[in-house]
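Printed here is work.txt (compact mmCIF, C-alpha atoms):
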# COMPACT_ATOMS: atom_id res chain seq x y z
CA MET A 100 45.14 7.54 -33.03
CA THR A 101 45.80 10.01 -35.86
CA GLN A 102 43.24 12.45 -37.22
CA ILE A 103 42.88 10.26 -40.30
CA ASP A 104 42.27 7.19 -38.12
CA GLN A 105 39.68 9.08 -36.10
CA SER A 106 37.92 10.24 -39.26
CA ASN A 107 37.86 6.71 -40.66
CA ALA A 108 36.57 5.28 -37.36
CA ALA A 109 33.77 7.86 -37.33
CA ALA A 110 32.87 6.98 -40.92
CA MET A 111 32.68 3.28 -40.05
CA GLU A 112 30.53 4.00 -36.98
CA ALA A 113 28.17 5.94 -39.25
CA VAL A 114 27.90 2.92 -41.54
CA VAL A 115 26.88 0.70 -38.61
CA ALA A 116 24.36 3.31 -37.49
CA ARG A 117 22.79 3.36 -40.97
CA ALA A 118 22.43 -0.40 -40.85
CA ARG A 119 20.80 -0.16 -37.43
CA ALA A 120 18.32 2.38 -38.82
CA ALA A 121 17.33 -0.08 -41.56
CA VAL A 122 16.30 -2.82 -39.12
CA PRO A 123 12.62 -1.77 -38.70
CA THR A 124 12.07 -1.78 -42.47
CA LEU A 125 13.77 -5.13 -42.93
CA ALA A 126 11.74 -6.62 -40.08
CA ALA A 127 8.50 -5.23 -41.53
CA TYR A 128 9.12 -6.94 -44.86
CA ALA A 129 10.84 -10.13 -43.62
CA GLU A 130 7.67 -12.21 -43.94
CA GLN A 131 7.09 -10.97 -47.48
CA THR A 132 10.71 -11.76 -48.31
CA GLU A 133 10.25 -15.30 -47.04
CA ARG A 134 7.00 -15.85 -48.94
CA ALA A 135 8.37 -14.52 -52.21
CA LEU A 136 11.63 -16.50 -51.93
CA ARG A 137 13.53 -13.28 -52.65
CA MET A 138 14.15 -9.94 -50.98
CA ALA A 139 11.18 -7.59 -50.92
CA PRO A 140 11.83 -4.44 -53.01
CA GLU A 141 11.51 -2.36 -49.86
CA SER A 142 14.17 -4.50 -48.17
CA VAL A 143 16.52 -4.14 -51.14
CA ALA A 144 16.10 -0.36 -51.03
CA ALA A 145 16.63 -0.18 -47.25
CA ALA A 146 19.72 -2.40 -47.38
CA ALA A 147 21.16 -0.36 -50.25
CA GLU A 148 20.50 2.88 -48.38
CA ALA A 149 22.37 1.41 -45.42
CA GLY A 150 25.37 0.66 -47.64
CA ALA A 151 24.99 -3.11 -47.34
CA PHE A 152 25.77 -3.75 -51.00
CA ALA A 153 28.78 -1.41 -51.08
CA LEU A 154 30.49 -2.80 -47.98
CA THR A 155 33.41 -4.38 -49.83
CA THR A 156 33.35 -2.24 -52.95
CA PRO A 157 36.73 -0.45 -53.16
CA ARG A 158 36.66 3.25 -52.38
CA ARG A 159 38.08 4.16 -55.78
CA PHE A 160 34.82 2.79 -57.22
CA GLY A 161 32.68 4.75 -54.76
CA GLY A 162 32.28 1.98 -52.19
CA ILE A 163 32.72 1.81 -48.43
CA ASP A 164 35.63 -0.66 -48.42
CA ALA A 165 34.87 -1.49 -44.79
CA ASP A 166 37.24 -3.44 -42.59
CA THR A 167 36.08 -6.86 -41.44
CA ALA A 168 34.99 -5.72 -37.98
CA THR A 169 32.78 -2.96 -39.40
CA ALA A 170 31.30 -5.20 -42.09
CA VAL A 171 30.48 -7.86 -39.50
CA GLN A 172 28.75 -5.30 -37.28
CA VAL A 173 26.71 -4.04 -40.25
CA LEU A 174 25.63 -7.55 -41.20
CA ILE A 175 24.73 -8.37 -37.61
CA GLU A 176 22.49 -5.31 -37.49
CA LEU A 177 20.80 -6.23 -40.77
CA GLY A 178 20.33 -9.81 -39.52
CA ARG A 179 18.32 -8.50 -36.57
CA GLY A 180 15.70 -7.34 -39.06
CA CYS A 181 15.83 -10.02 -41.75
CA GLY A 182 18.22 -12.94 -41.85
CA SER A 183 17.65 -13.56 -45.56
CA THR A 184 18.37 -10.00 -46.66
CA ALA A 185 21.50 -9.88 -44.51
CA TRP A 186 22.62 -13.25 -45.89
CA VAL A 187 22.34 -12.05 -49.49
CA ALA A 188 24.30 -8.91 -48.62
CA ALA A 189 26.97 -11.03 -46.90
CA ILE A 190 27.35 -13.42 -49.83
CA SER A 191 27.69 -10.54 -52.28
CA ALA A 192 30.21 -8.80 -50.02
CA GLY A 193 32.27 -11.96 -49.66
CA VAL A 194 32.34 -12.74 -53.39
CA LYS A 195 33.37 -9.18 -54.20
CA TYR A 196 36.14 -9.12 -51.65
CA GLY A 197 37.42 -12.62 -52.29
CA PHE A 198 37.35 -12.73 -56.08
CA ALA A 199 37.52 -9.17 -57.46
CA PRO A 200 41.33 -9.16 -57.02
CA PHE A 201 41.52 -12.01 -59.55
CA MET A 202 39.55 -10.07 -62.17
CA GLY A 203 41.31 -8.31 -65.01
CA GLN A 204 41.13 -4.53 -65.10
CA GLU A 205 38.52 -4.40 -67.87
CA ALA A 206 36.17 -6.77 -66.06
CA ARG A 207 36.76 -5.02 -62.73
CA ASP A 208 35.95 -1.60 -64.17
CA GLU A 209 32.72 -2.87 -65.74
CA PHE A 210 31.73 -4.87 -62.67
CA PHE A 211 32.23 -1.99 -60.22
CA ALA A 212 30.56 0.62 -62.44
CA GLU A 213 27.88 0.76 -59.72
CA PRO A 214 29.14 0.70 -56.10
CA ASP A 215 26.01 -1.19 -54.97
CA VAL A 216 26.50 -3.94 -57.55
CA ARG A 217 25.26 -7.32 -56.33
CA ILE A 218 26.78 -10.64 -57.28
CA CYS A 219 25.88 -14.28 -56.69
CA GLY A 220 27.54 -17.46 -57.83
CA SER A 221 29.00 -20.83 -57.04
CA MET A 222 32.47 -22.33 -56.74
CA LEU A 223 31.04 -25.79 -57.30
CA PRO A 224 32.44 -26.92 -60.69
CA THR A 225 29.07 -28.07 -62.01
CA GLY A 226 29.47 -26.21 -65.30
CA ARG A 227 31.80 -26.70 -68.24
CA SER A 228 33.39 -24.36 -70.75
CA THR A 229 35.05 -24.74 -74.12
CA GLU A 230 37.59 -22.39 -75.61
CA VAL A 231 36.46 -20.39 -78.62
CA PRO A 232 38.04 -17.39 -80.34
CA GLY A 233 37.90 -14.47 -77.96
CA GLY A 234 36.86 -16.34 -74.84
CA LEU A 235 34.79 -19.28 -73.58
CA ARG A 236 31.39 -20.79 -74.17
CA VAL A 237 29.87 -21.85 -70.89
CA SER A 238 27.07 -24.27 -70.07
CA GLY A 239 25.92 -25.82 -66.81
CA ARG A 240 23.75 -25.62 -63.71
CA TRP A 241 24.79 -24.11 -60.40
CA ASN A 242 22.66 -24.63 -57.30
CA TYR A 243 22.41 -22.48 -54.18
CA ALA A 244 23.01 -19.12 -55.87
CA SER A 245 21.82 -16.87 -53.02
CA GLY A 246 20.21 -13.64 -54.16
CA CYS A 247 20.41 -14.56 -57.84
CA GLU A 248 17.10 -12.91 -58.78
CA ASP A 249 18.34 -9.56 -57.49
CA ALA A 250 21.99 -9.83 -58.55
CA GLN A 251 23.32 -8.17 -61.67
CA TRP A 252 26.31 -10.53 -61.97
CA ALA A 253 27.22 -14.14 -61.28
CA LEU A 254 30.61 -15.77 -60.82
CA LEU A 255 30.49 -19.41 -61.88
CA ALA A 256 33.01 -22.25 -61.75
CA ALA A 257 33.30 -23.56 -65.28
CA PRO A 258 36.43 -25.68 -65.87
CA VAL A 259 37.61 -25.85 -69.48
CA VAL A 260 36.96 -29.14 -71.23
CA ASP A 261 39.49 -30.49 -73.71
CA GLY A 262 37.56 -33.00 -75.77
CA ASP A 263 35.71 -35.08 -73.20
CA ARG A 264 38.12 -34.41 -70.34
CA VAL A 265 38.39 -31.54 -67.87
CA ARG A 266 41.67 -29.71 -68.24
CA ASN A 267 44.19 -30.44 -65.49
CA ARG A 268 43.84 -27.76 -62.82
CA SER A 269 47.60 -27.45 -62.48
CA ALA A 270 47.57 -26.31 -66.12
CA GLY A 271 45.31 -23.37 -65.34
CA GLY A 272 41.96 -25.11 -64.94
CA ASN A 273 40.52 -22.95 -62.17
CA GLU A 274 38.34 -20.96 -64.54
CA MET A 275 35.52 -18.83 -63.19
CA ALA A 276 33.14 -17.08 -65.56
CA LEU A 277 31.95 -13.57 -64.70
CA VAL A 278 28.60 -13.23 -66.45
CA ARG A 279 25.59 -10.98 -66.25
CA THR A 280 22.62 -12.78 -64.75
CA SER A 281 20.50 -11.45 -67.61
CA SER A 282 22.28 -13.97 -69.85
CA LEU A 283 21.34 -16.87 -67.55
CA ARG A 284 18.15 -18.72 -66.74
CA ILE A 285 17.03 -19.05 -63.15
CA ASP A 286 15.25 -22.23 -62.10
CA ARG A 287 13.37 -21.53 -58.85
CA THR A 288 14.53 -24.65 -57.02
CA TRP A 289 15.09 -23.18 -53.54
CA ASP A 290 12.63 -24.80 -51.12
CA VAL A 291 14.10 -25.28 -47.65
CA ALA A 292 12.95 -24.67 -44.10
CA GLY A 293 15.06 -21.58 -43.37
CA LEU A 294 16.61 -18.57 -45.07
CA ARG A 295 13.89 -18.96 -47.65
CA GLY A 296 14.07 -15.32 -48.63
CA THR A 297 17.64 -15.74 -49.90
CA GLY A 298 16.19 -17.23 -53.07
CA SER A 299 19.19 -19.52 -53.44
CA HIS A 300 17.89 -20.90 -56.72
CA THR A 301 19.69 -22.64 -59.59
CA LEU A 302 21.51 -20.69 -62.29
CA VAL A 303 21.50 -22.22 -65.77
CA ALA A 304 23.85 -21.29 -68.62
CA GLU A 305 23.23 -22.61 -72.11
CA ASP A 306 26.19 -21.99 -74.40
CA VAL A 307 26.78 -18.49 -73.01
CA PHE A 308 29.72 -16.62 -74.53
CA VAL A 309 32.13 -15.17 -71.95
CA PRO A 310 34.82 -12.85 -73.34
CA ALA A 311 38.39 -13.59 -72.29
CA SER A 312 38.41 -10.36 -70.28
CA HIS A 313 35.69 -11.82 -68.04
CA VAL A 314 37.31 -15.21 -67.45
CA VAL A 315 38.65 -15.16 -63.90
CA GLN A 316 41.65 -17.39 -63.34
CA LEU A 317 42.15 -18.50 -59.76
CA ASP A 318 45.50 -19.55 -58.36
CA LEU A 319 44.45 -20.54 -54.86
CA SER A 320 47.78 -22.16 -54.04
CA ASN A 321 49.82 -18.98 -53.88
CA SER A 322 47.53 -15.99 -54.18
CA VAL A 323 45.32 -16.19 -51.08
CA PRO A 324 46.75 -14.09 -48.26
CA THR A 325 46.55 -15.54 -44.78
CA GLY A 326 43.57 -13.89 -43.11
CA LEU A 327 41.37 -13.81 -46.21
CA LEU A 328 39.53 -17.04 -45.39
CA THR A 329 39.01 -15.85 -41.82
CA ARG A 330 37.52 -12.64 -43.18
CA LEU A 331 35.20 -14.52 -45.53
CA ASN A 332 34.05 -16.86 -42.74
CA ALA A 333 33.33 -13.91 -40.45
CA LEU A 334 31.39 -12.08 -43.18
CA GLY A 335 29.40 -15.14 -44.22
CA SER A 336 28.32 -16.04 -40.70
CA ALA A 337 27.66 -12.51 -39.39
CA PRO A 338 23.95 -12.36 -40.37
CA LEU A 339 23.25 -15.38 -38.18
CA PHE A 340 24.56 -13.61 -35.08
CA GLY A 341 22.12 -10.85 -35.96
CA VAL A 342 19.28 -13.34 -36.22
CA ALA A 343 20.02 -14.51 -32.67
CA GLN A 344 20.06 -10.90 -31.50
CA GLY A 345 16.72 -10.33 -33.22
CA ALA A 346 15.24 -13.25 -31.32
CA LEU A 347 16.63 -11.86 -28.06
CA ASP A 348 15.13 -8.45 -28.86
CA LEU A 349 11.74 -9.99 -29.62
CA VAL A 350 11.48 -12.02 -26.41
CA GLY A 351 12.95 -9.23 -24.32
CA ALA A 352 10.16 -6.94 -25.50
CA ILE A 353 7.44 -9.26 -24.16
CA MET A 354 8.98 -10.25 -20.83
CA ALA A 355 6.99 -7.61 -18.92
CA THR A 356 3.68 -8.28 -20.71
CA ARG A 357 3.49 -11.96 -21.57
CA ARG A 358 1.49 -13.97 -19.04
CA PRO A 359 2.93 -17.44 -18.41
CA PRO A 360 0.56 -20.41 -18.75
CA ARG A 361 -0.75 -22.24 -15.70
CA SER A 362 0.79 -19.76 -13.28
CA THR A 363 -0.29 -17.13 -10.77
CA TYR A 364 2.39 -14.75 -12.06
CA THR A 365 1.09 -11.95 -14.28
CA ASN A 366 4.13 -11.79 -16.58
CA LEU A 367 7.42 -13.53 -17.33
CA ALA A 368 9.51 -10.78 -15.75
CA GLU A 369 8.03 -11.59 -12.34
CA ILE A 370 9.32 -15.17 -12.40
CA PRO A 371 12.88 -15.58 -11.06
CA ALA A 372 13.55 -18.66 -13.20
CA ALA A 373 12.29 -16.89 -16.33
CA ARG A 374 14.55 -13.91 -15.63
CA GLU A 375 17.48 -16.27 -15.16
CA THR A 376 16.68 -18.07 -18.41
CA PHE A 377 16.54 -14.79 -20.31
CA ALA A 378 19.82 -13.70 -18.73
CA ARG A 379 21.48 -16.95 -19.83
CA ALA A 380 20.24 -16.47 -23.38
CA SER A 381 21.45 -12.88 -23.35
CA MET A 382 24.92 -13.86 -22.12
CA LEU A 383 25.19 -16.56 -24.77
CA VAL A 384 24.35 -14.13 -27.56
CA GLU A 385 26.60 -11.36 -26.23
CA ASP A 386 29.51 -13.75 -25.83
CA ALA A 387 28.96 -15.11 -29.34
CA HIS A 388 29.09 -11.55 -30.69
CA ARG A 389 32.35 -10.90 -28.85
CA ARG A 390 33.82 -14.05 -30.32
CA VAL A 391 32.93 -13.30 -33.93
CA LEU A 392 34.18 -9.72 -33.55
CA HIS A 393 37.43 -11.13 -32.16
CA VAL A 394 37.69 -13.31 -35.27
CA ALA A 395 37.02 -10.25 -37.45
CA ALA A 396 39.74 -8.29 -35.66
CA ARG A 397 42.18 -11.18 -36.17
CA ALA A 398 41.38 -11.20 -39.88
CA ASP A 399 42.00 -7.46 -40.17
CA ALA A 400 45.28 -7.73 -38.28
CA ALA A 401 46.45 -10.59 -40.49
CA LEU A 402 45.56 -8.79 -43.70
CA ARG A 403 47.24 -5.56 -42.57
CA SER A 404 50.42 -7.45 -41.69
CA GLY A 405 50.49 -9.45 -44.91
CA GLY A 406 49.93 -12.67 -42.99
CA ALA A 407 52.54 -12.10 -40.28
CA GLU A 408 49.83 -11.93 -37.61
CA GLN A 409 48.17 -15.21 -38.49
CA THR A 410 49.29 -18.73 -39.40
CA THR A 411 47.22 -21.30 -41.26
CA VAL A 412 46.78 -23.06 -37.92
CA LYS A 413 45.24 -19.91 -36.44
CA GLU A 414 43.08 -19.52 -39.54
CA ALA A 415 41.67 -23.01 -39.05
CA GLN A 416 41.19 -22.27 -35.34
CA MET A 417 39.23 -19.11 -36.16
CA LEU A 418 36.70 -21.12 -38.21
CA VAL A 419 36.22 -23.50 -35.27
CA GLU A 420 35.69 -20.40 -33.12
CA VAL A 421 32.97 -19.07 -35.44
CA ILE A 422 31.18 -22.42 -35.52
CA SER A 423 31.32 -22.70 -31.73
CA ALA A 424 29.92 -19.19 -31.34
CA LEU A 425 27.04 -20.06 -33.69
CA ARG A 426 26.23 -23.07 -31.54
CA GLN A 427 25.90 -20.67 -28.62
CA CYS A 428 23.41 -18.68 -30.66
CA ARG A 429 21.37 -21.79 -31.32
CA GLN A 430 21.39 -22.62 -27.61
CA ALA A 431 20.24 -19.10 -26.81
CA VAL A 432 17.33 -19.23 -29.25
CA GLU A 433 16.22 -22.56 -27.81
CA LEU A 434 16.10 -20.93 -24.38
CA LEU A 435 14.11 -18.02 -25.80
CA LEU A 436 11.61 -20.41 -27.36
CA ASP A 437 11.26 -22.15 -23.99
CA LEU A 438 10.38 -18.76 -22.52
CA HIS A 439 7.96 -17.81 -25.24
CA GLY A 440 6.21 -21.15 -25.41
CA SER A 441 4.52 -22.95 -28.29
CA SER A 442 2.98 -19.78 -29.71
CA GLY A 443 6.48 -18.85 -30.78
CA PHE A 444 6.06 -21.47 -33.49
CA ALA A 445 2.96 -19.85 -34.96
CA VAL A 446 3.59 -19.10 -38.62
CA SER A 447 2.77 -15.45 -37.95
CA ASN A 448 5.38 -15.21 -35.18
CA PRO A 449 8.81 -13.98 -36.37
CA LEU A 450 10.51 -16.05 -33.66
CA GLN A 451 9.94 -19.33 -35.48
CA ARG A 452 11.39 -17.85 -38.69
CA MET A 453 14.48 -16.72 -36.79
CA TRP A 454 14.82 -20.20 -35.30
CA ARG A 455 14.62 -21.77 -38.76
CA ASP A 456 16.98 -19.25 -40.35
CA LEU A 457 19.61 -19.83 -37.67
CA ALA A 458 19.20 -23.61 -37.81
CA ILE A 459 19.72 -23.70 -41.59
CA GLY A 460 22.37 -21.01 -41.94
CA SER A 461 24.60 -22.32 -39.17
CA ARG A 462 24.70 -25.68 -40.97
CA HIS A 463 26.00 -24.25 -44.24
CA GLY A 464 28.66 -26.45 -45.84
CA ALA A 465 31.41 -23.95 -45.04
CA LEU A 466 30.45 -24.20 -41.36
CA THR A 467 30.48 -28.00 -41.02
CA PRO A 468 31.79 -28.56 -37.47
CA TYR A 469 33.45 -31.95 -37.83
CA VAL A 470 35.26 -30.94 -41.04
CA ALA A 471 36.51 -27.72 -39.44
CA ALA A 472 37.59 -29.55 -36.28
CA GLU A 473 39.47 -32.20 -38.24
CA ASP A 474 41.21 -29.58 -40.36
CA TYR A 475 42.26 -27.59 -37.30
CA ALA A 476 43.49 -30.70 -35.48
CA ARG A 477 45.49 -31.88 -38.51
CA ARG A 478 47.14 -28.49 -38.98
CA LEU A 479 47.82 -28.14 -35.26
CA VAL A 480 49.55 -31.51 -34.98
CA SER A 481 51.48 -31.01 -38.24
CA ALA A 482 52.69 -27.62 -37.06
CA GLY A 483 53.93 -29.14 -33.82

Re-express the file's structure as structure tokens.
Amino acid sequence: MTQIDQSNAAAMEAVVARARAAVPTLAAYAEQTERALRMAPESVAAAAEAGAFALTTPRRFGGIDADTATAVQVLIELGRGCGSTAWVAAISAGVKYGFAPFMGQEARDEFFAEPDVRICGSMLPTGRSTEVPGGLRVSGRWNYASGCEDAQWALLAAPVVDGDRVRNRSAGGNEMALVRTSSLRIDRTWDVAGLRGTGSHTLVAEDVFVPASHVVQLDLSNSVPTGLLTRLNALGSAPLFGVAQGALDLVGAIMATRRPPRSTYTNLAEIPAARETFARASMLVEDAHRRVLHVAARADAALRSGGAEQTTVKEAQMLVEVISALRQCRQAVELLLDLHGSSGFAVSNPLQRMWRDLAIGSRHGALTPYVAAEDYARRLVSAG
């Protein structure tokens, strides 16, 4: 390892340590974040101080520009304290990394004027745009815009309409509009069982002008390097591994003090079966972490090699790996709830929030197990 490599490794370790230091604050305000359906101001400040919103900002703009493995570790740490805050940070990091390369220089310079800039958005083409002199006029509604009330920017899929027909995508119809959220309306539609604090509400545009410099044209057929999707999947799922770790931390802290019901034992740690159950949960979570960090390392290797280290078959396999590891996390939290008992479902108990956050987040559309399995199987057989 060269001196430069050592210096960079130390810098990345410091970033993870800052995230770890933010956990108590995030945990203290997690309930408030959930109630408000958006990150508590104190959580935003703590996450920003930890560098969570600058993870994938390029260094030339003052950001951290972390590799995938470091970013995943940071998001896992944040997820231990508050799954919703970590989720918002992960979404913003993924959008920046995945779509900033498609921005023109003018838009990129304005967007990255602040290293901690936050962005939300949607690739669902539920909006429409019409060409006007100098740019587009955009209207539409986009659901599930995580963190929209605390984001300065939004990236929205808004295909151009020619008359009453959507322009053929092969003719350049993959338009995304980069707009300031101050020019949009937010309908507070987010009302689900878990990750409530992400505030994944609906963005509404009503004839919003978007200058041509801020129209992002995507060419997904040729411009996505192998490894990018693996990186985005690792980043997007990382907070959930942290949630599982948070649940493990919580139950581990009460093992020596919690008295089991209808038993002569004075605490859970005295019971051999309880110790074995906790050990099983711990091994499940630790193995899940190893698996997602392996996926992150594969993404980094593929991106460094320009795709030589990873085929599309391997990329599909890595998503299946992430989904499988998340299932382990769910199994672990179920075991921890068995240990804790029904009081773990008290509204005041953080364990039930962690259970809900993990249950919802691990069923995100991008993590649909049967779709991922089918895609991997199809690619595997075709490659053979």

Shortest interatomic distance to Leu383 in chain A - which of A:Val432, A:Leu418, A:Ala400, A:Met453, counting all atoms listed in the file |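 Ranking A:Val432, A:Leu418, A:Ala400, A:Met453 by distance to Leu383 in chain A, first place goes to A:Val432.
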
Separating CA of Val307 in chain A from CA of Ile285 in chain A, to the nearest tenth of an Å, is a gap of 13.9 Å

Using only C-alpha atoms, the residue out of A:Arg330, A:Arg397, A:Arg361, A:Arg284 with shortest distance to Gln409 in chain A is A:Arg397

Just checking: using only C-alpha atoms, which residue out of A:Leu434, A:Val114, A:Val173, A:Val303 ends up closest to Ala372 in chain A?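 Distance minimum relative to Ala372 in chain A lands on A:Leu434.
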
* Asked: Of the candidates A:Val342, A:Leu283, A:Val315, A:Ala396, which one gets nearest to Thr184 in chain A if we count only C-alpha atoms?
  ->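 Under the stated criterion, the closest residue is A:Val342.
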
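The two atoms in question, CA of Thr288 in chain A and CA of Ala139 in chain A, are spaced 18.4 Å apart.
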
Figure out the distance between CA of Ala250 in chain A and CA of Leu317 in chain A, please, to one decimal in Å.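 A separation of 22.0 Å between them.
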
Here is a test: counting only C-alpha atoms, which residue of A:Gly246, A:Thr225, A:Glu414, A:Ser238 is nearest to Ala472 in chain A?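 Among the listed residues, A:Glu414 lies closest to Ala472 in chain A.
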
*For range 157-170 of chain A, work out the shell of residues within 10 Å, counting only C-alpha atoms and skipping chain neighbours fewer than 3 positions away, then give it as JSON, numbers by chain.*
{"A": [107, 108, 110, 111, 112, 114, 115, 150, 151, 152, 153, 154, 173, 174, 175, 176, 189, 192, 195, 196, 199, 207, 208, 210, 211, 212, 213, 214, 215, 216, 327, 329, 330, 331, 333, 334, 337, 391, 392, 393, 394, 395, 396, 397, 398, 399, 400, 402]}

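Minimum atom-to-atom distances from A:Val278, A:Ala431, A:Leu302, A:Ala292 to Arg240 in chain A were compared using all atoms listed in the file, and the lowest value belongs to A:Leu302.
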
task = With a distance cut-off of 8 Å and all atoms listed in the file, select the neighbouring residues of Ser245 in chain A, excluding the residue or stretch itself and same-chain residues fewer than 5 positions from it, and output the selection as a ChimeraX atom specification.
result = /A:187,190,219-220,297-300

Practice task
Dig up all the protein and nucleic acid residues within 12 Å of (29.7, -20.0, -71.0) in the file frame, using all atoms listed in the file, and format them as number ranges by chain.
Solution key: A: 226-231, 234-240, 253-260, 274-280, 282-283, 302-311, 313-314

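Residues surrounding Glu141 in chain A within 9 Å are Thr124, Leu125, Tyr128, Ala145 and Ala146 of chain A [all atoms listed in the file; sequence separation below 4 positions excluded].
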
With a distance cut-off of 9 Å and only C-alpha atoms, select the neighbouring residues of Ala127 in chain A, excluding the residue or stretch itself and same-chain residues fewer than 3 positions from it, and output the selection as a list in words.
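Once the adjacent positions are removed, what remains is Val122, Pro123, Thr124, Glu130, Gln131, Ser142, Gly180 and Cys181 of chain A.
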
>> List as a PyMOL selection string the residues having at least one atom at most 6 Å from position (21.1, -12.8, -34.2) as given in the file, counting all atoms listed in the file.
In response: chain A and resi 179+339-345

Exercise. Pick out the residues sitting within 6 Å of Thr301 in chain A, and hand them over as number ranges by chain; count all atoms listed in the file, and ignore anything fewer than 3 positions along from it in its own chain.
Key: A: 241-242, 285-286

N, CA, C and O atoms are what I want for range 111-124 of chain A; can you complete it accordingly and write them as a compact mmCIF listing (two decimals), in the frame of the given file?
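result-v3.txt, freshly written:
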# COMPACT_ATOMS: atom_id res chain seq x y z
N MET A 111 33.12 4.66 -40.21
CA MET A 111 32.68 3.28 -40.05
C MET A 111 31.55 3.18 -39.03
O MET A 111 30.61 2.40 -39.19
N GLU A 112 31.62 3.98 -37.96
CA GLU A 112 30.53 4.00 -36.98
C GLU A 112 29.23 4.49 -37.62
O GLU A 112 28.15 4.00 -37.31
N ALA A 113 29.35 5.43 -38.55
CA ALA A 113 28.17 5.94 -39.25
C ALA A 113 27.56 4.85 -40.13
O ALA A 113 26.33 4.77 -40.27
N VAL A 114 28.39 4.02 -40.72
CA VAL A 114 27.90 2.92 -41.54
C VAL A 114 27.09 1.94 -40.69
O VAL A 114 26.00 1.49 -41.09
N VAL A 115 27.60 1.61 -39.52
CA VAL A 115 26.88 0.70 -38.61
C VAL A 115 25.56 1.33 -38.18
O VAL A 115 24.52 0.65 -38.11
N ALA A 116 25.58 2.62 -37.91
CA ALA A 116 24.36 3.31 -37.49
C ALA A 116 23.30 3.29 -38.60
O ALA A 116 22.11 3.14 -38.33
N ARG A 117 23.73 3.44 -39.84
CA ARG A 117 22.79 3.36 -40.97
C ARG A 117 22.16 1.98 -41.07
O ARG A 117 20.97 1.83 -41.35
N ALA A 118 22.96 0.96 -40.83
CA ALA A 118 22.43 -0.40 -40.85
C ALA A 118 21.41 -0.59 -39.73
O ALA A 118 20.35 -1.21 -39.93
N ARG A 119 21.72 -0.05 -38.57
CA ARG A 119 20.80 -0.16 -37.43
C ARG A 119 19.47 0.53 -37.75
O ARG A 119 18.40 0.04 -37.39
N ALA A 120 19.53 1.64 -38.46
CA ALA A 120 18.32 2.38 -38.82
C ALA A 120 17.47 1.62 -39.83
O ALA A 120 16.26 1.86 -39.93
N ALA A 121 18.08 0.69 -40.56
CA ALA A 121 17.33 -0.08 -41.56
C ALA A 121 16.58 -1.26 -40.97
O ALA A 121 15.71 -1.84 -41.64
N VAL A 122 16.88 -1.61 -39.72
CA VAL A 122 16.30 -2.82 -39.12
C VAL A 122 14.77 -2.81 -39.11
O VAL A 122 14.14 -3.82 -39.49
N PRO A 123 14.09 -1.73 -38.70
CA PRO A 123 12.62 -1.77 -38.70
C PRO A 123 12.01 -2.07 -40.07
O PRO A 123 11.04 -2.83 -40.17
N THR A 124 12.59 -1.51 -41.12
CA THR A 124 12.07 -1.78 -42.47
C THR A 124 12.30 -3.24 -42.85
O THR A 124 11.39 -3.91 -43.38
